[in-house]
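Asks: This is data-v8.tsv, which holds TSV, C-alpha atoms and all ligand atoms:
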```tsv
chain	number	residue	atom	x	y	z
A	1	MET	CA	-2.59	6.11	-0.50
A	2	LYS	CA	-4.13	9.61	-0.71
A	3	HIS	CA	-1.29	10.57	-3.01
A	4	MET	CA	-1.72	7.61	-5.27
A	5	ILE	CA	-5.35	8.40	-5.91
A	6	VAL	CA	-4.34	11.97	-6.74
A	7	VAL	CA	-1.91	10.63	-9.33
A	8	VAL	CA	-4.59	8.43	-10.88
A	9	LYS	CA	-6.94	11.42	-11.14
A	10	PHE	CA	-4.56	13.44	-13.33
A	11	VAL	CA	-3.96	10.77	-15.93
A	12	PRO	CA	-5.72	11.44	-19.29
A	13	ARG	CA	-9.06	9.63	-19.49
A	14	THR	CA	-8.43	7.64	-22.67
A	15	LEU	CA	-5.31	6.03	-21.26
A	16	LEU	CA	-6.90	5.12	-17.97
A	17	MET	CA	-8.84	2.21	-16.61
A	18	THR	CA	-12.49	1.91	-17.55
A	19	PRO	CA	-14.88	3.98	-15.39
A	20	GLU	CA	-16.16	0.72	-13.94
A	21	ARG	CA	-12.67	-0.28	-12.81
A	22	ARG	CA	-11.93	3.20	-11.49
A	23	ARG	CA	-15.10	3.27	-9.46
A	24	ALA	CA	-14.24	-0.12	-8.01
A	25	ILE	CA	-10.72	1.01	-7.03
A	26	TRP	CA	-12.32	4.12	-5.54
A	27	ALA	CA	-14.75	2.01	-3.47
A	28	ILE	CA	-11.90	-0.17	-2.19
A	29	TYR	CA	-9.82	2.91	-1.41
A	30	VAL	CA	-12.68	4.50	0.55
A	31	TRP	CA	-13.23	1.34	2.55
A	32	CYS	CA	-9.49	1.11	3.40
A	33	ARG	CA	-9.42	4.79	4.35
A	34	ARG	CA	-12.41	4.37	6.66
A	35	THR	CA	-10.87	1.27	8.22
A	36	ASP	CA	-7.65	3.18	8.83
A	37	GLU	CA	-9.60	6.16	10.24
A	38	LEU	CA	-11.03	3.88	12.94
A	39	VAL	CA	-7.61	3.57	14.57
A	40	ASP	CA	-5.90	6.71	13.23
A	41	GLY	CA	-8.75	9.22	13.07
A	42	PRO	CA	-10.38	11.57	15.59
A	43	ASN	CA	-12.39	8.76	17.21
A	44	ALA	CA	-9.34	6.56	17.66
A	45	PRO	CA	-9.19	6.86	21.48
A	46	HIS	CA	-12.67	5.28	21.67
A	47	ILE	CA	-11.96	2.44	19.32
A	48	THR	CA	-12.03	-0.92	21.05
A	49	PRO	CA	-11.65	-4.42	19.66
A	50	THR	CA	-15.47	-4.60	19.84
A	51	ALA	CA	-15.77	-1.65	17.46
A	52	LEU	CA	-13.54	-3.51	15.04
A	53	ASP	CA	-15.71	-6.61	15.40
A	54	ARG	CA	-18.73	-4.50	14.43
A	55	TRP	CA	-16.83	-3.11	11.44
A	56	GLU	CA	-16.04	-6.69	10.39
A	57	ALA	CA	-19.68	-7.74	10.72
A	58	ARG	CA	-20.57	-4.81	8.47
A	59	LEU	CA	-17.99	-5.99	5.97
A	60	GLU	CA	-19.57	-9.45	5.90
A	61	ASP	CA	-22.99	-7.89	5.43
A	62	LEU	CA	-21.89	-5.86	2.44
A	63	PHE	CA	-20.24	-8.91	0.88
A	64	ASN	CA	-23.60	-10.65	1.34
A	65	GLY	CA	-25.37	-7.82	-0.49
A	66	ARG	CA	-26.62	-5.98	2.62
A	67	PRO	CA	-24.62	-2.72	2.72
A	68	PHE	CA	-25.08	-0.47	5.76
A	69	ASP	CA	-24.55	2.89	4.04
A	70	MET	CA	-23.84	4.45	0.64
A	71	LEU	CA	-20.09	3.91	0.83
A	72	ASP	CA	-20.55	0.28	1.80
A	73	ALA	CA	-22.93	0.05	-1.17
A	74	ALA	CA	-20.18	1.23	-3.51
A	75	LEU	CA	-18.00	-1.65	-2.30
A	76	ALA	CA	-20.92	-4.11	-2.42
A	77	ASN	CA	-21.36	-3.12	-6.04
A	78	THR	CA	-17.65	-3.69	-6.65
A	79	VAL	CA	-17.57	-7.17	-5.15
A	80	ASN	CA	-20.52	-8.10	-7.35
A	81	LYS	CA	-18.75	-6.99	-10.50
A	82	PHE	CA	-15.25	-8.23	-9.76
A	83	PRO	CA	-14.00	-11.50	-8.23
A	84	VAL	CA	-12.73	-9.80	-5.06
A	85	ASN	CA	-12.13	-12.05	-2.05
A	86	ILE	CA	-13.21	-11.01	1.45
A	87	GLN	CA	-10.04	-12.35	3.12
A	88	PRO	CA	-7.71	-9.38	2.50
A	89	PHE	CA	-10.43	-7.06	3.84
A	90	LYS	CA	-10.72	-9.14	7.01
A	91	ASP	CA	-6.95	-9.22	7.26
A	92	MET	CA	-6.78	-5.44	7.10
A	93	ILE	CA	-9.14	-5.23	10.08
A	94	GLU	CA	-6.87	-7.74	11.83
A	95	GLY	CA	-4.00	-5.32	11.15
A	96	MET	CA	-5.92	-2.60	13.00
A	97	ARG	CA	-6.38	-4.99	15.95
A	98	MET	CA	-2.65	-5.65	15.89
A	99	ASP	CA	-1.92	-1.92	15.86
A	100	LEU	CA	-4.14	-1.47	18.93
A	101	ARG	CA	-2.31	-4.04	21.04
A	102	LYS	CA	1.25	-3.74	19.79
A	103	SER	CA	3.80	-0.95	19.44
A	104	ARG	CA	6.99	-3.00	19.02
A	105	TYR	CA	8.06	-5.67	16.54
A	106	LYS	CA	10.59	-8.32	17.60
A	107	ASN	CA	11.90	-9.13	14.16
A	108	PHE	CA	11.20	-8.68	10.48
A	109	ASP	CA	8.78	-11.63	10.42
A	110	GLU	CA	6.53	-9.80	12.88
A	111	LEU	CA	6.86	-6.51	11.02
A	112	TYR	CA	6.20	-8.24	7.69
A	113	LEU	CA	2.97	-9.68	9.06
A	114	TYR	CA	1.85	-6.21	10.16
A	115	CYS	CA	2.75	-4.79	6.73
A	116	TYR	CA	0.82	-7.57	5.04
A	117	TYR	CA	-2.26	-6.83	7.13
A	118	VAL	CA	-2.31	-3.08	6.58
A	119	ALA	CA	-0.86	-2.73	3.06
A	120	GLY	CA	-0.11	-6.05	1.34
A	121	THR	CA	-3.85	-6.65	1.53
A	122	VAL	CA	-4.45	-3.56	-0.67
A	123	GLY	CA	-2.41	-5.18	-3.43
A	124	LEU	CA	-4.46	-8.40	-3.17
A	125	MET	CA	-7.73	-6.43	-3.24
A	126	SER	CA	-6.65	-4.49	-6.32
A	127	VAL	CA	-5.54	-7.26	-8.69
A	128	PRO	CA	-9.02	-8.69	-9.41
A	129	VAL	CA	-10.18	-5.18	-10.35
A	130	MET	CA	-7.13	-4.08	-12.33
A	131	GLY	CA	-7.07	-7.39	-14.10
A	132	ILE	CA	-4.27	-9.51	-15.55
A	133	ALA	CA	-3.50	-8.93	-19.24
A	134	PRO	CA	-5.29	-11.62	-21.28
A	135	GLU	CA	-2.08	-12.20	-23.25
A	136	SER	CA	0.06	-12.62	-20.13
A	137	LEU	CA	1.59	-16.01	-19.56
A	138	ALA	CA	2.69	-15.26	-16.03
A	139	SER	CA	1.04	-17.37	-13.34
A	140	THR	CA	-1.79	-15.75	-11.40
A	141	GLU	CA	0.20	-16.49	-8.27
A	142	SER	CA	3.22	-14.54	-9.49
A	143	VAL	CA	1.07	-11.48	-10.22
A	144	TYR	CA	-0.48	-11.62	-6.74
A	145	ASN	CA	3.01	-11.99	-5.27
A	146	ALA	CA	4.10	-8.82	-7.07
A	147	ALA	CA	1.02	-6.95	-5.85
A	148	LEU	CA	1.71	-8.15	-2.31
A	149	ALA	CA	5.33	-7.02	-2.62
A	150	LEU	CA	4.21	-3.55	-3.71
A	151	GLY	CA	1.91	-3.17	-0.71
A	152	ILE	CA	4.67	-4.30	1.68
A	153	ALA	CA	7.29	-2.08	-0.01
A	154	ASN	CA	4.97	0.93	0.22
A	155	GLN	CA	4.31	0.29	3.89
A	156	LEU	CA	7.98	-0.24	4.76
A	157	THR	CA	8.77	3.01	2.94
A	158	ASN	CA	5.99	4.79	4.80
A	159	ILE	CA	7.40	3.44	8.09
A	160	LEU	CA	10.96	4.55	7.24
A	161	ARG	CA	9.71	8.02	6.28
A	162	ASP	CA	7.67	8.38	9.50
A	163	VAL	CA	10.10	7.08	12.15
A	164	GLY	CA	10.17	10.42	14.03
A	165	GLU	CA	6.44	10.98	13.82
A	166	ASP	CA	5.67	7.45	15.02
A	167	ALA	CA	8.19	7.71	17.88
A	168	GLN	CA	6.31	10.78	19.13
A	169	ARG	CA	3.29	8.51	19.53
A	170	GLY	CA	5.49	5.96	21.33
A	171	ARG	CA	5.54	3.60	18.36
A	172	ILE	CA	8.52	1.90	16.75
A	173	TYR	CA	7.66	-0.04	13.60
A	174	LEU	CA	11.19	-1.39	13.19
A	175	PRO	CA	12.62	-4.88	13.83
A	176	GLN	CA	13.97	-4.82	17.39
A	177	ASP	CA	16.57	-7.53	16.70
A	178	GLU	CA	18.01	-5.59	13.77
A	179	LEU	CA	18.16	-2.43	15.86
A	180	ALA	CA	20.05	-4.36	18.53
A	181	GLN	CA	22.45	-5.78	15.93
A	182	GLU	CA	23.48	-2.23	15.10
A	183	GLY	CA	23.78	-1.41	18.80
A	184	LEU	CA	20.62	0.69	18.78
A	185	SER	CA	17.82	0.79	21.35
A	186	ASP	CA	14.41	2.44	21.69
A	187	GLU	CA	16.12	5.32	23.49
A	188	ASP	CA	18.22	6.09	20.43
A	189	ILE	CA	15.05	6.42	18.41
A	190	PHE	CA	13.32	8.63	20.97
A	191	SER	CA	16.37	10.88	21.25
A	192	GLY	CA	16.46	11.06	17.44
A	193	LYS	CA	20.15	11.57	16.74
A	194	VAL	CA	21.50	10.62	13.33
A	195	THR	CA	24.60	8.58	14.11
A	196	ASP	CA	26.65	6.18	12.00
A	197	LYS	CA	24.87	3.32	13.72
A	198	TRP	CA	21.56	4.77	12.60
A	199	ARG	CA	22.82	5.33	9.05
A	200	ASN	CA	23.97	1.72	8.86
A	201	PHE	CA	20.67	0.47	10.15
A	202	MET	CA	18.74	2.65	7.69
A	203	LYS	CA	20.87	1.53	4.74
A	204	LYS	CA	19.83	-2.06	5.38
A	205	GLN	CA	16.17	-1.18	5.77
A	206	ILE	CA	16.18	0.85	2.56
A	207	LYS	CA	17.89	-1.98	0.70
A	208	ARG	CA	15.16	-4.39	1.78
A	209	ALA	CA	12.38	-2.02	0.70
A	210	ARG	CA	14.06	-1.58	-2.69
A	211	MET	CA	14.22	-5.36	-3.17
A	212	LEU	CA	10.47	-5.52	-2.63
A	213	PHE	CA	9.86	-2.69	-5.11
A	214	HIS	CA	11.95	-4.65	-7.57
A	215	GLU	CA	9.78	-7.73	-6.98
A	216	ALA	CA	6.71	-5.61	-7.59
A	217	GLU	CA	8.06	-4.07	-10.81
A	218	LYS	CA	8.25	-7.50	-12.40
A	219	GLY	CA	4.49	-7.89	-11.98
A	220	VAL	CA	3.36	-4.54	-13.38
A	221	LYS	CA	3.74	-5.55	-17.03
A	222	GLU	CA	1.44	-8.53	-16.48
A	223	LEU	CA	-1.50	-6.31	-15.57
A	224	ASN	CA	-4.14	-5.13	-18.02
A	225	ALA	CA	-2.58	-2.45	-20.21
A	226	SER	CA	-4.75	0.34	-18.80
A	227	SER	CA	-3.83	-0.54	-15.21
A	228	ARG	CA	-0.07	-0.53	-15.75
A	229	TRP	CA	0.46	3.19	-15.91
A	230	PRO	CA	-1.13	4.24	-12.63
A	231	VAL	CA	0.51	1.36	-10.77
A	232	SER	CA	3.90	2.07	-12.31
A	233	ALA	CA	3.62	5.81	-11.54
A	234	SER	CA	2.67	5.26	-7.91
A	235	LEU	CA	5.46	2.69	-7.55
A	236	MET	CA	8.04	5.17	-8.88
A	237	LEU	CA	6.79	7.94	-6.63
A	238	TYR	CA	6.83	5.81	-3.52
A	239	LYS	CA	10.24	4.34	-4.31
A	240	GLN	CA	11.66	7.86	-4.61
A	241	ILE	CA	10.81	8.54	-0.98
A	242	LEU	CA	13.69	6.16	-0.18
A	243	ASP	CA	16.04	8.32	-2.30
A	244	GLU	CA	14.84	11.38	-0.39
A	245	ILE	CA	15.61	9.72	2.95
A	246	GLU	CA	19.16	9.19	1.68
A	247	ALA	CA	19.30	12.78	0.43
A	248	ASN	CA	18.33	13.87	3.98
A	249	ASP	CA	21.36	11.91	5.22
A	250	TYR	CA	19.01	9.47	6.99
A	251	ASN	CA	17.44	12.10	9.21
A	252	ASN	CA	13.93	10.69	9.31
A	253	PHE	CA	13.56	11.90	12.90
A	254	THR	CA	12.97	15.58	12.22
A	255	LYS	CA	12.83	15.79	8.42
A	256	ARG	CA	10.03	14.39	6.33
A	257	ALA	CA	11.30	12.82	3.12
A	258	TYR	CA	9.38	14.51	0.37
A	259	VAL	CA	9.28	13.96	-3.39
A	260	SER	CA	9.09	17.33	-5.17
A	261	LYS	CA	6.26	18.25	-7.56
A	262	ALA	CA	8.73	18.36	-10.45
A	263	LYS	CA	9.90	14.81	-9.74
A	264	LYS	CA	6.30	13.66	-9.47
A	265	LEU	CA	5.49	15.14	-12.87
A	266	ILE	CA	8.49	13.46	-14.45
A	267	ALA	CA	7.28	10.10	-13.15
A	268	LEU	CA	4.10	10.27	-15.22
A	269	PRO	CA	5.52	10.13	-18.78
A	270	VAL	CA	8.16	7.65	-17.62
A	271	ALA	CA	5.45	5.40	-16.19
A	272	TYR	CA	3.47	5.76	-19.39
A	273	VAL	CA	6.37	4.65	-21.58
A	274	ARG	CA	7.05	1.74	-19.24
A	275	SER	CA	3.41	0.72	-19.39
A	276	LEU	CA	3.83	0.08	-23.12
A	277	VAL	CA	6.08	-2.90	-22.36
A	278	ALA	CA	4.22	-6.05	-23.28
A	279	PRO	CA	3.55	-8.79	-20.74
A	280	SER	CA	5.72	-11.87	-20.68
A	281	THR	CA	4.67	-14.12	-23.51
A	282	ILE	CA	7.37	-16.72	-22.99
A	283	SER	CA	7.35	-18.09	-19.50
A	284	SER	CA	8.24	-21.28	-17.73
A	285	SER	CA	5.21	-20.97	-15.48
A	286	HIS	CA	1.67	-21.07	-16.80
A	287	ARG	CA	-1.50	-19.44	-15.62
A	288	ASN	CA	-3.49	-21.71	-13.35
B	301	LIG	N1	-18.75	0.96	-6.91
B	301	LIG	C1	-19.56	2.03	-6.92
B	301	LIG	N2	-20.87	1.86	-6.99
B	301	LIG	C2	-21.69	2.93	-7.00
B	301	LIG	N3	-21.30	4.18	-6.96
B	301	LIG	C3	-20.01	4.41	-6.89
B	301	LIG	C4	-19.06	3.35	-6.85
B	301	LIG	N4	-17.84	3.87	-6.79
B	301	LIG	C5	-18.02	5.18	-6.79
B	301	LIG	N5	-19.31	5.53	-6.83
B	301	LIG	C6	-19.85	6.88	-6.88
B	301	LIG	O1	-19.50	7.46	-8.12
B	301	LIG	C7	-18.86	8.72	-7.95
B	301	LIG	C8	-17.65	8.86	-8.85
B	301	LIG	O2	-16.69	7.90	-8.48
B	301	LIG	P1	-15.14	8.07	-8.73
B	301	LIG	O3	-14.63	9.16	-7.89
B	301	LIG	O4	-14.51	6.73	-8.65
B	301	LIG	O5	-15.12	8.45	-10.24
B	301	LIG	P2	-14.41	9.68	-10.91
B	301	LIG	O6	-13.07	9.21	-11.30
B	301	LIG	O7	-14.57	10.87	-10.07
B	301	LIG	O8	-15.33	9.78	-12.18
B	301	LIG	P3	-15.11	10.76	-13.35
B	301	LIG	O9	-14.51	9.92	-14.43
B	301	LIG	O10	-16.51	11.21	-13.71
B	301	LIG	O11	-14.24	11.86	-12.83
B	301	LIG	C9	-18.48	8.82	-6.50
B	301	LIG	O12	-18.75	10.09	-6.00
B	301	LIG	C10	-19.30	7.76	-5.80
B	301	LIG	O13	-20.35	8.31	-5.06
B	302	LIG	C1	2.30	-4.62	-8.87
B	302	LIG	C2	1.01	-5.29	-9.19
B	302	LIG	C3	1.07	-6.56	-9.94
B	302	LIG	C4	-0.21	-4.79	-8.82
B	302	LIG	C5	-0.45	-3.57	-8.08
B	302	LIG	C6	-1.20	-3.81	-6.77
B	302	LIG	C7	-1.39	-2.53	-6.00
B	302	LIG	C8	-2.34	-1.51	-6.49
B	302	LIG	C9	-0.69	-2.33	-4.86
B	302	LIG	C10	-0.75	-1.08	-4.10
B	302	LIG	C11	-0.74	-1.33	-2.65
B	302	LIG	C12	-0.93	-0.08	-1.82
B	302	LIG	C13	-1.40	1.18	-2.44
B	302	LIG	C14	-0.71	-0.14	-0.50
B	302	LIG	C15	-0.93	0.98	0.42
B	302	LIG	C16	0.33	1.25	1.18
B	302	LIG	C17	0.41	2.44	2.07
B	302	LIG	C18	1.72	2.75	2.65
B	302	LIG	C19	-0.63	3.19	2.41
B	302	LIG	C20	-0.53	4.34	3.33
B	302	LIG	O1	-0.83	5.51	2.66
B	302	LIG	P1	-1.30	6.79	3.46
B	302	LIG	O2	-2.56	6.49	4.17
B	302	LIG	O3	-1.26	7.94	2.53
B	302	LIG	O4	-0.12	6.90	4.48
B	302	LIG	P2	-0.08	7.63	5.90
B	302	LIG	O5	-1.45	8.13	6.16
B	302	LIG	O6	0.40	6.59	6.85
B	302	LIG	O7	0.94	8.71	5.70
B	303	MN	MN	2.43	6.67	8.27
```
What is this file in structure tokens?
Replies:
Amino acid sequence: MKHMIVVVKFVPRTLLMTPERRRAIWAIYVWCRRTDELVDGPNAPHITPTALDRWEARLEDLFNGRPFDMLDAALANTVNKFPVNIQPFKDMIEGMRMDLRKSRYKNFDELYLYCYYVAGTVGLMSVPVMGIAPESLASTESVYNAALALGIANQLTNILRDVGEDAQRGRIYLPQDELAQEGLSDEDIFSGKVTDKWRNFMKKQIKRARMLFHEAEKGVKELNASSRWPVSASLMLYKQILDEIEANDYNNFTKRAYVSKAKKLIALPVAYVRSLVAPSTISSSHRN
């Protein structure tokens, strides 16, 4: 997420979202970052479910116009200006609770739920701010589905990039049943050897993440014109991490897949040109 905000910052002003929209995205980003810091940051060892309950009470307060501090005030301001729903915010906190009590995922359904909580929610929070193009005939639901897919795809990609790092913290964010199907166990992940079994497993995981990126791509053109470019650029950058994992011959144990500066720069004009594509004006489904 850090990286995506960096991308947004370097886009020429005139082609970007209105300052009001940018500030709102910023406020949402800061809130997500602070929520994540609770379980990932320096105070993480002291974070209990009670601390998360307090954070949730604070969230409700700010939605009711009683922000606790300046940063909460920025989000309070945002939820006044844009029709943002509290549910994805609550769900993200639920994701942090899940992360506290769980370090294994039985199957993709369980992993998907975790990805929804911690990342799919970001997509749902963003759509009301980014806005759907007034001329779009796509259903609101289909745009939210695309946004959800992008959050999930980003998180799955993040997980696939960080397998080694997460294993060092004793965590395996991979479907246990699919590992078993390839004849892999937790031990194989902790020992971190790139075998054909691992390559096969990774190929399937990468394929799934790419399908979700593809789902997301279909929604980008339905967004407000000024929101398309940053979303499209961040999508391209994140998707390329999957290519880098392949280029590393699936060694995500000791190598961090990394998209070079040059590739990042290329993504910007490409995203810009793509953002010029008009939204669907002929569609079987209608906005509800
Ligand atoms: N929703 C908000 N309500 C009130 N203040 C906000 C809100 N969002 C951000 N701010 C404040 O406004 C400042 C600028 O916000 P932000 O970083 O989003 O804009 P920016 O992109 O840096 O603006 P600029 O176009 O001037 O570079 C922040 O430092 C923050 O304190
Ligand atoms: C496609 C349509 C219609 C709309 C776009 C909707 C949006 C903006 C979706 C974006 C969702 C998003 C940014 C999810 C965050 C996913 C993610 C993996 C965050 C983690 O980022 P970092 O915090 O940098 O990662 P680590 O700290 O774990 O390395
Ligand atoms: Mn990570």
Asks: Around ligand LIG 302 (chain B), out to 6 Å and counting all atoms listed in the file, which residues are there? I want them as a count of residues only.
Replies: 19
Asks: Just give me the residues with any atom within 10 Å of (13.7, -2.9, 0.2), file coordinates, counting all atoms listed in the file, written as a PDB file with C-alpha atoms, in the frame of the given file.
Replies:
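And here's selection_26.pdb as it stands now:
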```pdb
ATOM      1  CA  ALA A 149       5.330  -7.020  -2.620  1.00  0.00           C
ATOM      2  CA  ILE A 152       4.670  -4.300   1.680  1.00  0.00           C
ATOM      3  CA  ALA A 153       7.290  -2.080  -0.010  1.00  0.00           C
ATOM      4  CA  ASN A 154       4.970   0.930   0.220  1.00  0.00           C
ATOM      5  CA  LEU A 156       7.980  -0.240   4.760  1.00  0.00           C
ATOM      6  CA  THR A 157       8.770   3.010   2.940  1.00  0.00           C
ATOM      7  CA  LYS A 203      20.870   1.530   4.740  1.00  0.00           C
ATOM      8  CA  LYS A 204      19.830  -2.060   5.380  1.00  0.00           C
ATOM      9  CA  GLN A 205      16.170  -1.180   5.770  1.00  0.00           C
ATOM     10  CA  ILE A 206      16.180   0.850   2.560  1.00  0.00           C
ATOM     11  CA  LYS A 207      17.890  -1.980   0.700  1.00  0.00           C
ATOM     12  CA  ARG A 208      15.160  -4.390   1.780  1.00  0.00           C
ATOM     13  CA  ALA A 209      12.380  -2.020   0.700  1.00  0.00           C
ATOM     14  CA  ARG A 210      14.060  -1.580  -2.690  1.00  0.00           C
ATOM     15  CA  MET A 211      14.220  -5.360  -3.170  1.00  0.00           C
ATOM     16  CA  LEU A 212      10.470  -5.520  -2.630  1.00  0.00           C
ATOM     17  CA  PHE A 213       9.860  -2.690  -5.110  1.00  0.00           C
ATOM     18  CA  HIS A 214      11.950  -4.650  -7.570  1.00  0.00           C
ATOM     19  CA  GLU A 215       9.780  -7.730  -6.980  1.00  0.00           C
ATOM     20  CA  LYS A 239      10.240   4.340  -4.310  1.00  0.00           C
ATOM     21  CA  LEU A 242      13.690   6.160  -0.180  1.00  0.00           C
TER      22      LEU A 242
END
```
Asks: Can you work out the spacing between atom C10 of ligand LIG 301 (chain B) and atom CA of A:Pro83 in Å, to one decimal?
Replies: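 Between atom C10 of ligand LIG 301 (chain B) and atom CA of A:Pro83 the gap is 20.1 Å.
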Asks: Could you report the residues within 12 Å of ligand MN 303 (chain B), using all atoms listed in the file, as a CSV table (one decimal) with C-alpha atoms, in the frame of the given file?
Replies:
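Final output, saved to pocket.csv:
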```csv
chain,number,residue,atom,x,y,z
A,1,MET,CA,-2.6,6.1,-0.5
A,2,LYS,CA,-4.1,9.6,-0.7
A,36,ASP,CA,-7.6,3.2,8.8
A,40,ASP,CA,-5.9,6.7,13.2
A,115,CYS,CA,2.8,-4.8,6.7
A,118,VAL,CA,-2.3,-3.1,6.6
A,119,ALA,CA,-0.9,-2.7,3.1
A,154,ASN,CA,5.0,0.9,0.2
A,155,GLN,CA,4.3,0.3,3.9
A,156,LEU,CA,8.0,-0.2,4.8
A,157,THR,CA,8.8,3.0,2.9
A,158,ASN,CA,6.0,4.8,4.8
A,159,ILE,CA,7.4,3.4,8.1
A,160,LEU,CA,11.0,4.6,7.2
A,161,ARG,CA,9.7,8.0,6.3
A,162,ASP,CA,7.7,8.4,9.5
A,163,VAL,CA,10.1,7.1,12.2
A,164,GLY,CA,10.2,10.4,14.0
A,165,GLU,CA,6.4,11.0,13.8
A,166,ASP,CA,5.7,7.4,15.0
A,167,ALA,CA,8.2,7.7,17.9
A,169,ARG,CA,3.3,8.5,19.5
A,171,ARG,CA,5.5,3.6,18.4
A,172,ILE,CA,8.5,1.9,16.8
A,173,TYR,CA,7.7,0.0,13.6
A,256,ARG,CA,10.0,14.4,6.3
A,257,ALA,CA,11.3,12.8,3.1
```
Asks: Go through A:Lys102, A:Lys90, A:Arg33, A:Lys263 one by one, measure the shortest atom-to-atom distance of each to A:Gly170 using all atoms listed in the file, and give the residue with the smallest value.
Replies: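 Checking each of A:Lys102, A:Lys90, A:Arg33, A:Lys263 against A:Gly170, counting all atoms listed in the file, the winner is A:Lys102.
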Asks: Quick one: residues within 9 Å of stretch 69-78 of chain A, only C-alpha atoms counted, chain neighbours fewer than 4 positions away excluded, as a short mmCIF file (atom, residue, chain, number, x, y, z; two decimals) with C-alpha atoms, keeping the file's coordinate frame?
Replies:
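Dumped to out.cif:
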```
data_model
loop_
_atom_site.label_atom_id
_atom_site.label_comp_id
_atom_site.auth_asym_id
_atom_site.auth_seq_id
_atom_site.Cartn_x
_atom_site.Cartn_y
_atom_site.Cartn_z
CA GLU A 20 -16.16 0.72 -13.94
CA ARG A 21 -12.67 -0.28 -12.81
CA ARG A 23 -15.10 3.27 -9.46
CA ALA A 24 -14.24 -0.12 -8.01
CA ILE A 25 -10.72 1.01 -7.03
CA TRP A 26 -12.32 4.12 -5.54
CA ALA A 27 -14.75 2.01 -3.47
CA ILE A 28 -11.90 -0.17 -2.19
CA VAL A 30 -12.68 4.50 0.55
CA TRP A 31 -13.23 1.34 2.55
CA ARG A 58 -20.57 -4.81 8.47
CA LEU A 59 -17.99 -5.99 5.97
CA ASP A 61 -22.99 -7.89 5.43
CA LEU A 62 -21.89 -5.86 2.44
CA PHE A 63 -20.24 -8.91 0.88
CA ASN A 64 -23.60 -10.65 1.34
CA GLY A 65 -25.37 -7.82 -0.49
CA PHE A 82 -15.25 -8.23 -9.76
CA PRO A 83 -14.00 -11.50 -8.23
CA VAL A 84 -12.73 -9.80 -5.06
CA VAL A 129 -10.18 -5.18 -10.35
#
```
Asks: Out of A:Glu135, A:Asp196, A:Asp177, A:Glu37, which residue has the shortest atom-to-atom distance to A:Phe108 when counting all atoms listed in the file?
Replies: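 Ranking A:Glu135, A:Asp196, A:Asp177, A:Glu37 by distance to A:Phe108, first place goes to A:Asp177.
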